[in-house]
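File shown: my_file.cif. Contents: mmCIF, C-alpha atoms.
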data_work
#
loop_
_atom_site.label_atom_id
_atom_site.label_comp_id
_atom_site.auth_asym_id
_atom_site.auth_seq_id
_atom_site.Cartn_x
_atom_site.Cartn_y
_atom_site.Cartn_z
CA MET A 1 40.68 55.83 -68.62
CA ASP A 2 43.37 57.51 -66.55
CA SER A 3 45.69 55.83 -64.08
CA THR A 4 43.58 56.69 -61.02
CA GLN A 5 40.55 54.94 -62.38
CA LEU A 6 42.61 51.90 -63.30
CA ALA A 7 43.97 51.74 -59.78
CA LEU A 8 40.51 51.93 -58.26
CA LEU A 9 39.26 49.24 -60.60
CA ALA A 10 42.13 46.96 -59.74
CA LEU A 11 41.55 47.55 -56.02
CA LEU A 12 37.87 46.66 -56.38
CA ALA A 13 38.69 43.51 -58.32
CA GLY A 14 41.21 42.52 -55.66
CA MET A 15 38.64 43.03 -52.91
CA LEU A 16 36.11 40.87 -54.74
CA VAL A 17 38.64 38.12 -55.22
CA GLY A 18 39.67 38.32 -51.54
CA VAL A 19 36.08 38.15 -50.30
CA SER A 20 35.42 35.20 -52.58
CA PHE A 21 38.43 33.35 -51.24
CA ALA A 22 37.39 34.13 -47.67
CA LEU A 23 33.89 32.78 -48.30
CA LEU A 24 35.28 29.63 -49.86
CA ILE A 25 37.58 29.08 -46.90
CA ALA A 26 34.75 29.65 -44.42
CA LEU A 27 32.50 27.21 -46.25
CA ALA A 28 35.27 24.65 -46.40
CA LEU A 29 35.92 24.96 -42.67
CA ARG A 30 32.21 24.57 -41.86
CA ALA A 31 31.99 21.51 -44.10
CA ARG A 32 35.04 20.07 -42.40
CA ASP A 33 33.55 20.71 -38.94
CA ARG A 34 30.30 19.05 -39.96
CA ALA A 35 32.17 16.08 -41.32
CA LEU A 36 34.26 15.83 -38.16
CA ALA A 37 31.17 16.09 -35.98
CA HIS A 38 29.41 13.41 -38.00
CA ASP A 39 32.37 11.04 -37.82
CA SER A 40 33.55 11.93 -34.33
CA SER A 41 32.91 9.73 -31.31
CA HIS A 42 34.00 12.42 -28.88
CA LEU A 43 31.57 12.76 -25.99
CA PRO A 44 30.07 16.19 -25.36
CA ASP A 45 31.27 17.86 -22.18
CA GLY A 46 29.58 16.59 -19.02
CA LEU A 47 27.87 13.58 -20.62
CA ARG A 48 30.12 11.01 -18.95
CA ALA A 49 29.47 12.61 -15.55
CA VAL A 50 25.73 12.36 -16.20
CA LEU A 51 26.10 8.66 -17.03
CA GLU A 52 28.02 8.01 -13.83
CA GLY A 53 25.19 9.55 -11.80
CA MET A 54 22.39 7.51 -13.42
CA GLU A 55 20.84 4.55 -11.61
CA ASP A 56 19.20 3.16 -14.75
CA PRO A 57 21.28 1.27 -17.33
CA ALA A 58 22.39 3.85 -19.93
CA ALA A 59 24.97 3.98 -22.71
CA VAL A 60 26.19 6.25 -25.50
CA VAL A 61 26.40 4.32 -28.79
CA ASP A 62 28.13 5.31 -32.02
CA ALA A 63 27.11 4.60 -35.62
CA SER A 64 28.59 1.09 -35.52
CA ALA A 65 26.46 0.19 -32.45
CA THR A 66 29.58 0.21 -30.29
CA VAL A 67 29.24 1.46 -26.72
CA VAL A 68 31.39 4.58 -26.25
CA ALA A 69 30.43 5.20 -22.60
CA ALA A 70 28.08 3.47 -20.15
CA SER A 71 26.66 3.78 -16.64
CA GLY A 72 27.52 1.23 -13.98
CA ALA A 73 24.14 -0.49 -14.19
CA ALA A 74 24.47 -0.94 -17.97
CA GLU A 75 26.68 -4.00 -17.48
CA LEU A 76 23.63 -5.91 -16.20
CA PHE A 77 22.36 -5.95 -19.79
CA GLY A 78 25.74 -6.54 -21.39
CA MET A 79 26.35 -2.92 -22.42
CA GLN A 80 30.09 -2.48 -21.84
CA GLU A 81 32.42 0.20 -23.20
CA GLY A 82 34.13 -0.91 -26.39
CA ALA A 83 31.64 -3.71 -27.04
CA VAL A 84 28.80 -3.85 -29.54
CA LEU A 85 25.24 -3.68 -28.21
CA PRO A 86 24.26 -7.31 -27.53
CA SER A 87 20.58 -6.88 -28.40
CA GLN A 88 19.40 -6.69 -31.98
CA ALA A 89 16.26 -4.87 -30.80
CA LEU A 90 18.35 -2.16 -29.11
CA ARG A 91 20.51 -1.74 -32.21
CA ALA A 92 17.38 -1.28 -34.33
CA LEU A 93 16.05 1.31 -31.88
CA VAL A 94 19.32 3.27 -32.02
CA ARG A 95 19.26 3.24 -35.84
CA THR A 96 15.70 4.54 -35.82
CA ALA A 97 16.57 7.46 -33.53
CA ARG A 98 19.67 8.35 -35.56
CA ALA A 99 17.84 8.22 -38.91
CA SER A 100 14.88 10.31 -37.72
CA GLU A 101 17.02 12.59 -35.53
CA ARG A 102 14.25 12.34 -32.94
CA PRO A 103 13.90 10.33 -29.70
CA ALA A 104 12.54 6.79 -30.09
CA THR A 105 10.94 4.58 -27.42
CA GLU A 106 10.05 0.90 -27.35
CA THR A 107 9.07 -1.77 -24.81
CA LEU A 108 11.28 -4.85 -25.11
CA ARG A 109 12.23 -8.09 -23.40
CA LEU A 110 15.97 -8.30 -22.79
CA GLU A 111 18.22 -10.96 -21.35
CA ARG A 112 19.94 -9.79 -18.21
CA ASP A 113 23.26 -11.04 -16.85
CA ALA A 114 22.92 -14.83 -16.53
CA SER A 115 24.49 -14.74 -13.07
CA ILE A 116 21.60 -12.63 -11.78
CA ALA A 117 18.32 -13.56 -13.36
CA ARG A 118 16.36 -14.05 -16.53
CA THR A 119 14.47 -12.18 -19.19
CA ARG A 120 13.37 -8.72 -18.10
CA LEU A 121 10.68 -6.40 -19.42
CA VAL A 122 12.13 -2.93 -20.10
CA THR A 123 11.33 0.39 -21.72
CA ALA A 124 14.22 1.57 -23.90
CA ARG A 125 14.61 5.18 -25.07
CA ALA A 126 17.13 6.43 -27.63
CA TYR A 127 18.05 10.14 -27.83
CA PRO A 128 20.30 11.53 -30.63
CA VAL A 129 23.17 13.46 -29.06
CA THR A 130 25.28 14.17 -32.16
CA PRO A 131 24.93 12.99 -35.75
CA ARG A 132 27.06 9.99 -34.79
CA LEU A 133 26.22 9.40 -31.10
CA VAL A 134 22.95 8.24 -29.54
CA LEU A 135 22.14 8.09 -25.82
CA LEU A 136 20.33 4.85 -24.90
CA VAL A 137 18.48 4.59 -21.57
CA VAL A 138 16.92 1.31 -20.36
CA ARG A 139 14.44 1.13 -17.48
CA ASP A 140 13.55 -2.25 -15.97
CA ILE A 141 9.76 -2.39 -15.47
CA THR A 142 9.53 -6.12 -14.77
CA GLU A 143 8.67 -5.71 -11.11
CA ARG A 144 6.15 -2.95 -11.81
CA GLU A 145 4.38 -5.09 -14.40
CA ARG A 146 4.47 -8.12 -12.08
CA VAL A 147 2.88 -6.15 -9.25
CA GLU A 148 0.24 -4.74 -11.58
CA GLU A 149 -0.58 -8.18 -12.96
CA MET A 150 -0.66 -9.59 -9.44
CA ARG A 151 -3.03 -6.83 -8.39
CA ARG A 152 -5.38 -7.55 -11.29
CA ASP A 153 -5.34 -11.29 -10.62
CA PHE A 154 -5.80 -10.75 -6.91
CA VAL A 155 -8.84 -8.53 -7.41
CA THR A 156 -10.35 -10.96 -9.92
CA ASN A 157 -9.75 -14.04 -7.76
CA THR A 158 -10.89 -12.34 -4.57
CA SER A 159 -14.12 -11.14 -6.18
CA HIS A 160 -14.81 -14.65 -7.42
CA GLU A 161 -14.05 -16.29 -4.05
CA LEU A 162 -16.15 -13.82 -2.09
CA LYS A 163 -19.21 -14.46 -4.25
CA THR A 164 -19.65 -17.99 -2.85
CA PRO A 165 -20.03 -17.22 0.88
CA VAL A 166 -21.86 -13.95 0.23
CA GLY A 167 -24.33 -15.69 -2.08
CA ALA A 168 -24.80 -18.50 0.45
CA ILE A 169 -25.47 -16.02 3.25
CA MET A 170 -28.09 -14.25 1.14
CA LEU A 171 -29.85 -17.51 0.27
CA LEU A 172 -29.77 -18.75 3.86
CA SER A 173 -31.17 -15.46 5.17
CA GLU A 174 -34.04 -15.75 2.69
CA ALA A 175 -34.57 -19.38 3.75
CA ILE A 176 -34.74 -18.35 7.42
CA GLU A 177 -37.29 -15.68 6.60
CA SER A 178 -39.47 -18.12 4.66
CA ALA A 179 -39.23 -20.76 7.42
CA ALA A 180 -40.08 -18.40 10.27
CA ASP A 181 -42.91 -20.71 11.42
CA ASP A 182 -40.64 -23.78 11.60
CA PRO A 183 -38.20 -23.46 14.55
CA GLU A 184 -36.29 -26.60 13.57
CA GLN A 185 -35.63 -25.32 10.07
CA VAL A 186 -34.70 -21.90 11.42
CA ARG A 187 -32.08 -23.52 13.72
CA THR A 188 -30.69 -25.55 10.81
CA PHE A 189 -30.45 -22.58 8.49
CA ALA A 190 -29.04 -20.39 11.28
CA GLY A 191 -26.26 -22.92 11.89
CA ARG A 192 -25.37 -23.00 8.22
CA LEU A 193 -25.54 -19.20 8.11
CA HIS A 194 -23.12 -19.00 11.02
CA ALA A 195 -20.72 -21.40 9.26
CA GLU A 196 -20.78 -19.33 6.07
CA ALA A 197 -20.20 -16.15 8.07
CA GLN A 198 -17.17 -17.75 9.72
CA ARG A 199 -15.89 -18.81 6.32
CA LEU A 200 -16.31 -15.27 5.01
CA SER A 201 -14.54 -13.83 8.04
CA ARG A 202 -11.67 -16.30 7.69
CA LEU A 203 -11.35 -15.56 3.97
CA THR A 204 -11.29 -11.78 4.38
CA GLY A 205 -8.79 -12.05 7.22
CA ARG A 206 -6.44 -14.15 5.13
CA ILE A 207 -6.82 -11.85 2.15
CA MET A 208 -5.81 -8.89 4.31
CA HIS A 209 -2.88 -10.82 5.77
CA LEU A 210 -1.64 -11.87 2.33
CA SER A 211 -1.99 -8.29 1.08
CA ARG A 212 0.25 -7.07 3.91
CA LEU A 213 2.85 -9.72 3.07
CA GLN A 214 2.84 -8.71 -0.58
CA ALA A 215 3.23 -5.02 0.22
CA ALA A 216 6.58 -3.35 -0.41
CA ASP A 217 6.90 -2.15 3.20
CA ASP A 218 9.46 -3.69 5.54
CA LEU A 219 8.43 -6.13 8.27
CA ALA A 220 7.01 -4.31 11.29
CA GLU A 221 8.34 -6.48 14.14
CA VAL A 222 11.87 -7.66 13.34
CA ARG A 223 13.86 -9.38 16.09
CA ASP A 224 15.69 -12.62 16.88
CA VAL A 225 13.01 -15.31 16.77
CA SER A 226 13.36 -18.65 18.54
CA ILE A 227 12.43 -21.51 16.22
CA ASP A 228 11.71 -23.65 19.29
CA GLN A 229 8.98 -21.24 20.37
CA ILE A 230 7.57 -20.89 16.86
CA VAL A 231 7.27 -24.66 16.39
CA ALA A 232 5.94 -25.27 19.92
CA SER A 233 3.23 -22.63 19.55
CA ALA A 234 2.19 -23.91 16.12
CA VAL A 235 2.01 -27.52 17.34
CA GLU A 236 0.02 -26.59 20.43
CA ALA A 237 -2.39 -24.44 18.42
CA HIS A 238 -3.32 -27.38 16.19
CA GLU A 239 -3.57 -30.23 18.68
CA THR A 240 -7.38 -30.05 18.84
CA GLN A 241 -7.56 -30.26 15.04
CA ALA A 242 -5.16 -33.23 15.15
CA ASP A 243 -7.17 -35.00 17.87
CA ALA A 244 -10.40 -34.53 15.93
CA ALA A 245 -8.76 -36.00 12.81
CA GLY A 246 -7.09 -38.85 14.72
CA VAL A 247 -3.63 -37.64 13.72
CA GLU A 248 -0.58 -37.55 16.01
CA LEU A 249 1.74 -34.52 15.95
CA VAL A 250 5.44 -35.25 16.50
CA ARG A 251 8.22 -32.66 16.90
CA GLY A 252 11.92 -33.45 16.41
CA GLY A 253 15.23 -32.15 15.16
CA ASP A 254 17.69 -29.49 16.31
CA ARG A 255 17.04 -27.11 19.17
CA GLY A 256 18.21 -23.62 20.09
CA LEU A 257 18.08 -22.18 16.55
CA TYR A 258 17.18 -18.57 15.76
CA VAL A 259 16.21 -16.54 12.70
CA ARG A 260 15.74 -12.82 12.19
CA GLY A 261 12.18 -11.77 11.46
CA ASP A 262 8.58 -11.37 12.58
CA ALA A 263 7.49 -14.08 15.01
CA GLN A 264 3.77 -13.72 14.26
CA ILE A 265 4.21 -14.10 10.50
CA LEU A 266 6.55 -17.08 10.85
CA GLY A 267 4.24 -18.71 13.37
CA GLU A 268 1.29 -18.47 11.03
CA ALA A 269 3.35 -19.86 8.15
CA VAL A 270 4.39 -22.94 10.15
CA GLY A 271 0.83 -23.29 11.47
CA ASN A 272 -0.55 -23.29 7.93
CA LEU A 273 1.75 -26.17 6.97
CA ILE A 274 0.74 -28.16 10.05
CA ALA A 275 -2.97 -27.52 9.42
CA ASN A 276 -2.59 -28.65 5.80
CA ALA A 277 -0.75 -31.80 6.82
CA ILE A 278 -3.48 -32.71 9.32
CA ALA A 279 -6.30 -32.00 6.87
CA TYR A 280 -4.75 -34.22 4.18
CA SER A 281 -3.63 -37.09 6.45
CA PRO A 282 -5.65 -40.26 7.14
CA ALA A 283 -6.76 -41.10 10.67
CA GLY A 284 -4.13 -42.98 12.67
CA SER A 285 -1.19 -41.41 10.84
CA ARG A 286 1.50 -39.01 12.05
CA VAL A 287 2.45 -35.49 11.09
CA GLY A 288 6.08 -34.69 11.80
CA VAL A 289 7.60 -31.25 12.37
CA GLY A 290 11.39 -31.32 12.05
CA VAL A 291 13.99 -28.57 12.44
CA ARG A 292 17.54 -28.59 11.12
CA GLY A 293 20.29 -25.99 11.08
CA THR A 294 22.95 -26.26 8.36
CA ASP A 295 25.24 -23.94 6.38
CA GLY A 296 23.75 -20.74 7.79
CA VAL A 297 20.19 -21.92 7.03
CA VAL A 298 17.37 -23.07 9.29
CA GLU A 299 15.02 -25.63 7.76
CA ILE A 300 11.54 -26.26 9.19
CA ALA A 301 10.00 -29.33 7.55
CA VAL A 302 6.40 -30.52 7.98
CA THR A 303 5.83 -34.08 6.75
CA ASP A 304 2.60 -36.01 6.35
CA ARG A 305 1.66 -39.43 5.02
CA GLY A 306 -1.43 -38.20 3.25
CA ILE A 307 -2.74 -38.28 -0.30
CA GLY A 308 0.26 -36.47 -1.80
CA ILE A 309 0.34 -34.00 -4.68
CA ALA A 310 0.80 -34.83 -8.34
CA GLU A 311 3.97 -33.48 -9.95
CA SER A 312 1.94 -31.46 -12.46
CA GLU A 313 0.31 -29.53 -9.60
CA GLN A 314 3.29 -29.03 -7.30
CA GLN A 315 4.27 -25.68 -8.81
CA ARG A 316 0.71 -24.37 -8.62
CA VAL A 317 -0.16 -25.19 -5.02
CA PHE A 318 1.49 -21.94 -3.88
CA GLU A 319 -0.78 -19.83 -6.10
CA ARG A 320 -3.53 -17.79 -4.49
CA PHE A 321 -6.88 -19.63 -4.31
CA TYR A 322 -5.48 -22.73 -6.03
CA ARG A 323 -6.71 -26.02 -4.56
CA ALA A 324 -5.18 -29.33 -5.65
CA ASP A 325 -8.14 -31.27 -4.26
CA GLN A 326 -11.31 -29.23 -4.76
CA ALA A 327 -13.56 -31.78 -3.03
CA ARG A 328 -11.36 -31.93 0.09
CA SER A 329 -11.10 -28.15 0.21
CA ARG A 330 -14.88 -27.75 0.11
CA GLN A 331 -15.24 -30.36 2.85
CA THR A 332 -12.68 -28.71 5.16
CA GLY A 333 -13.55 -25.11 4.30
CA GLY A 334 -10.16 -24.20 2.86
CA THR A 335 -9.64 -20.79 1.30
CA GLY A 336 -6.75 -21.72 -0.99
CA LEU A 337 -4.58 -18.98 0.57
CA GLY A 338 -2.65 -20.95 3.20
CA LEU A 339 0.31 -21.97 1.03
CA ALA A 340 0.41 -18.58 -0.70
CA ILE A 341 0.85 -17.01 2.74
CA VAL A 342 3.62 -19.51 3.53
CA LYS A 343 5.48 -18.68 0.31
CA HIS A 344 5.28 -14.91 0.79
CA ALA A 345 6.18 -15.16 4.48
CA ALA A 346 9.33 -17.10 3.59
CA HIS A 347 10.26 -14.65 0.83
CA ARG A 348 9.78 -11.63 3.11
CA HIS A 349 12.32 -13.20 5.48
CA GLY A 350 14.89 -13.81 2.75
CA GLY A 351 14.10 -17.51 2.44
CA ASP A 352 12.00 -19.88 0.39
CA VAL A 353 9.73 -22.90 0.69
CA ARG A 354 10.30 -26.24 -1.01
CA LEU A 355 8.03 -29.19 -1.66
CA TRP A 356 8.59 -32.92 -2.01
CA SER A 357 5.53 -35.05 -2.66
CA GLN A 358 4.46 -38.35 -4.14
CA PRO A 359 0.79 -39.31 -4.69
CA GLY A 360 -0.19 -41.90 -2.11
CA GLN A 361 3.02 -41.45 -0.09
CA GLY A 362 2.58 -37.99 1.40
CA SER A 363 4.23 -34.58 1.24
CA THR A 364 7.02 -32.61 2.90
CA PHE A 365 6.97 -28.82 2.90
CA THR A 366 10.24 -27.21 4.00
CA ILE A 367 10.64 -23.53 4.95
CA ARG A 368 14.28 -22.41 4.59
CA LEU A 369 15.33 -19.21 6.38
CA PRO A 370 18.67 -17.46 6.96
CA ARG A 371 20.05 -18.45 10.34
CA ALA A 372 20.67 -15.81 13.01
CA SER A 373 23.10 -15.98 15.93
CA GLY A 374 20.34 -15.37 18.48
CA PRO A 375 20.42 -13.45 21.78
CA ASP A 376 23.81 -12.92 23.41
CA ALA A 377 24.89 -14.68 26.59
CA ASP A 378 23.89 -11.79 28.87
CA ALA A 379 20.37 -11.79 27.46
CA LEU A 380 20.11 -15.53 27.97
CA ARG A 381 21.29 -15.28 31.57
CA GLY A 382 18.68 -12.58 32.14
CA ASP A 383 15.96 -14.83 30.79
CA GLU A 384 17.10 -17.66 33.05
CA ARG A 385 17.26 -15.66 36.29
CA PRO A 386 15.58 -17.28 39.32
CA GLY A 387 11.85 -16.97 39.51
CA LYS A 388 11.33 -16.71 35.75
CA LYS A 389 9.32 -19.54 34.24
CA LYS A 390 10.93 -21.30 31.29
CA SER A 391 8.93 -22.47 28.31
CA ARG A 392 9.20 -26.13 27.40
CA ILE A 393 8.74 -27.88 24.07
CA LYS A 394 7.68 -31.49 24.13
CA PRO A 395 9.20 -33.86 21.59
CA SER A 396 5.89 -35.52 20.81
CA ARG A 397 2.30 -34.37 20.86
CA ALA A 398 1.48 -30.92 22.15
CA THR A 399 -0.85 -30.42 25.10
CA ALA A 400 -3.01 -27.37 24.44
CA ALA A 401 -4.73 -26.08 21.39
CA VAL A 402 -6.89 -23.55 19.68
CA PRO A 403 -8.13 -24.88 16.32
CA ASN A 404 -7.44 -22.69 13.35
CA GLY A 405 -6.82 -25.27 10.66
CA GLU A 406 -6.44 -24.03 7.10
CA PRO A 407 -6.20 -26.78 4.49
CA ARG A 408 -4.58 -26.26 1.12
#
Structure translated into structure tokens:
Amino acid sequence: MDSTQLALLALLAGMLVGVSFALLIALALRARDRALAHDSSHLPDGLRAVLEGMEDPAAVVDASATVVAASGAAELFGMQEGAVLPSQALRALVRTARASERPATETLRLERDASIARTRLVTARAYPVTPRLVLLVVRDITERERVEEMRRDFVTNTSHELKTPVGAIMLLSEAIESAADDPEQVRTFAGRLHAEAQRLSRLTGRIMHLSRLQAADDLAEVRDVSIDQIVASAVEAHETQADAAGVELVRGGDRGLYVRGDAQILGEAVGNLIANAIAYSPAGSRVGVGVRGTDGVVEIAVTDRGIGIAESEQQRVFERFYRADQARSRQTGGTGLGLAIVKHAAHRHGGDVRLWSQPGQGSTFTIRLPRASGPDADALRGDERPGKKKSRIKPSRATAAVPNGEPR
């Protein structure tokens, strides 16, 4: 072998060695990059900006279940940067997504910030971002589930309640047909038929009203509402019912208070409480309607000295179609929707309704609403200009009425 061939052979061997070294270096660099990626907690470009723009609670979690980055809403569920995920269920979900390298979803119950509320129903989704990082997104579905459950219950209860008057109307119509030759029986059945038709009309009207209150839409007629006018109208509208029951209506407390809301809805809520108090009060007793303004709140309390409500039933009286005294409700024709309407009316105005009651001593229902400043001085002077009739509220029994009593 001459020198030229030896040189070529050496060159070829050198090239092979060089290529081998280059391949080894490339493989080593790739292995290093994979190892760095697996162990790195560095966020991919743009991910933090995406988190800042999310309304749902979301967080990026590393292999030790530590939050690397989080959206603003994530703090509601205790997901804060630098802290470990507080929920064992969320940690298990993140591990599942990382191990399978595929998105994982689960419906859970999580504790929300104690300063805000309680256990919430959520759907949690975990998406692998890198071998080490997982994106966790939590969506609160508590309200959606509550509305859906409320809708199912409402349909079930309404169907059940409508069966009674509809069935009675059908039977009475058949009875009238069979008694066509007996005018006295026809008049009797016709009277009962009319009563059942009124009951059905009242029930459907209240169902529609309650449905509007439970809707997500805002109140239609929002303005400064005079509590004096609300109470006076409600008292006057129930004087005939009070006279028939032998009950005296008395109005007292602070005057000149205002709230912000819908006068018609608030008037019906107060009227429902007055009607209930009359229906459950013995003859010769009093029903008091008191108003008090304190600490930015207006309280409208309706007190009776009736049969009272047992403590075990006090939380349930605000449920739709619930009747604490079934016999009294049948006697007075109650629908079981009056107090449900009161509760939802108060909630729609940013307030609540409270109950104190003792069996045999009576009950006090109190509507609490945020206080408003009321019309300005110029508006008041305009209302009091000469020739304009002023409304008056009597401190004792009202003087005019249209009965629309609705017992509990």
I'd like the contact shell of Thr294 in chain A - 9 Å cut-off, all atoms listed in the file, skipping same-chain residues fewer than 4 positions apart - returned as an MDAnalysis selection string.
chainID A and resid 298:299 371
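Atom pair CA of Ala70 in chain A / CA of Val94 in chain A has a distance of 14.8 Å (rounded to one decimal).
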Between CA of Glu149 in chain A and CA of Leu266 in chain A - distance in Å to one decimal
26.4 Å
Measuring atom to atom with only C-alpha atoms, identify which of A:Ala269, A:Ser312, A:Ala124, A:Pro282 is nearest to Val353 in chain A.
A:Ala269
Name the residues that the PyMOL selection byres ((chain A and resi 285) around 9) pulls out of this structure, and write them as a PDB file with C-alpha atoms, keeping the file's coordinate frame.
ATOM      1  CA  GLY A 246      -7.090 -38.850  14.720  1.00  0.00           C
ATOM      2  CA  VAL A 247      -3.630 -37.640  13.720  1.00  0.00           C
ATOM      3  CA  GLU A 248      -0.580 -37.550  16.010  1.00  0.00           C
ATOM      4  CA  SER A 281      -3.630 -37.090   6.450  1.00  0.00           C
ATOM      5  CA  PRO A 282      -5.650 -40.260   7.140  1.00  0.00           C
ATOM      6  CA  ALA A 283      -6.760 -41.100  10.670  1.00  0.00           C
ATOM      7  CA  GLY A 284      -4.130 -42.980  12.670  1.00  0.00           C
ATOM      8  CA  ARG A 286       1.500 -39.010  12.050  1.00  0.00           C
ATOM      9  CA  VAL A 287       2.450 -35.490  11.090  1.00  0.00           C
ATOM     10  CA  ASP A 304       2.600 -36.010   6.350  1.00  0.00           C
ATOM     11  CA  ARG A 305       1.660 -39.430   5.020  1.00  0.00           C
ATOM     12  CA  GLY A 306      -1.430 -38.200   3.250  1.00  0.00           C
TER      13      GLY A 306
END
Evaluate the PyMOL selection byres ((chain A and resi 67) around 10) on the structure here and hand back the selected residues as a list in words.
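That selection, the PyMOL selection byres ((chain A and resi 67) around 10), comes back as Ala58, Ala59, Val60, Val61, Asp62, Ala63, Ser64, Ala65, Thr66, Val68, Ala69, Ala70, Met79, Gln80, Glu81, Gly82, Ala83, Val84, Leu85, Leu133, Val134, Leu135 and Leu136 of chain A.
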To one decimal place in Å, what is the distance between CA of His349 in chain A and CA of Ala73 in chain A?
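Going from CA of His349 in chain A over to CA of Ala73 in chain A covers 26.2 Å.
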Please write the residues picked by the PyMOL selection byres ((chain A and resi 77) around 7) on this file as a PyMOL selection string.
chain A and resi 74-76+78-79+111-113
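When only C-alpha atoms are used to measure the gap to Ser71 in chain A, the shortest distance among A:Val19, A:Val137, A:Leu172, A:Leu121 belongs to A:Val137.
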For Glu239 in chain A, which residue among A:Ile278, A:Val270, A:Val289, A:Ile227 is the nearest when counting only C-alpha atoms?
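Going through A:Ile278, A:Val270, A:Val289, A:Ile227 one by one, the smallest distance to Glu239 in chain A is for A:Ile278.
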Go through A:Ile274, A:Val50, A:Glu319, A:Gln361 and flag the residue nearest Ile307 in chain A, using all atoms listed in the file for the distances.
A:Gln361
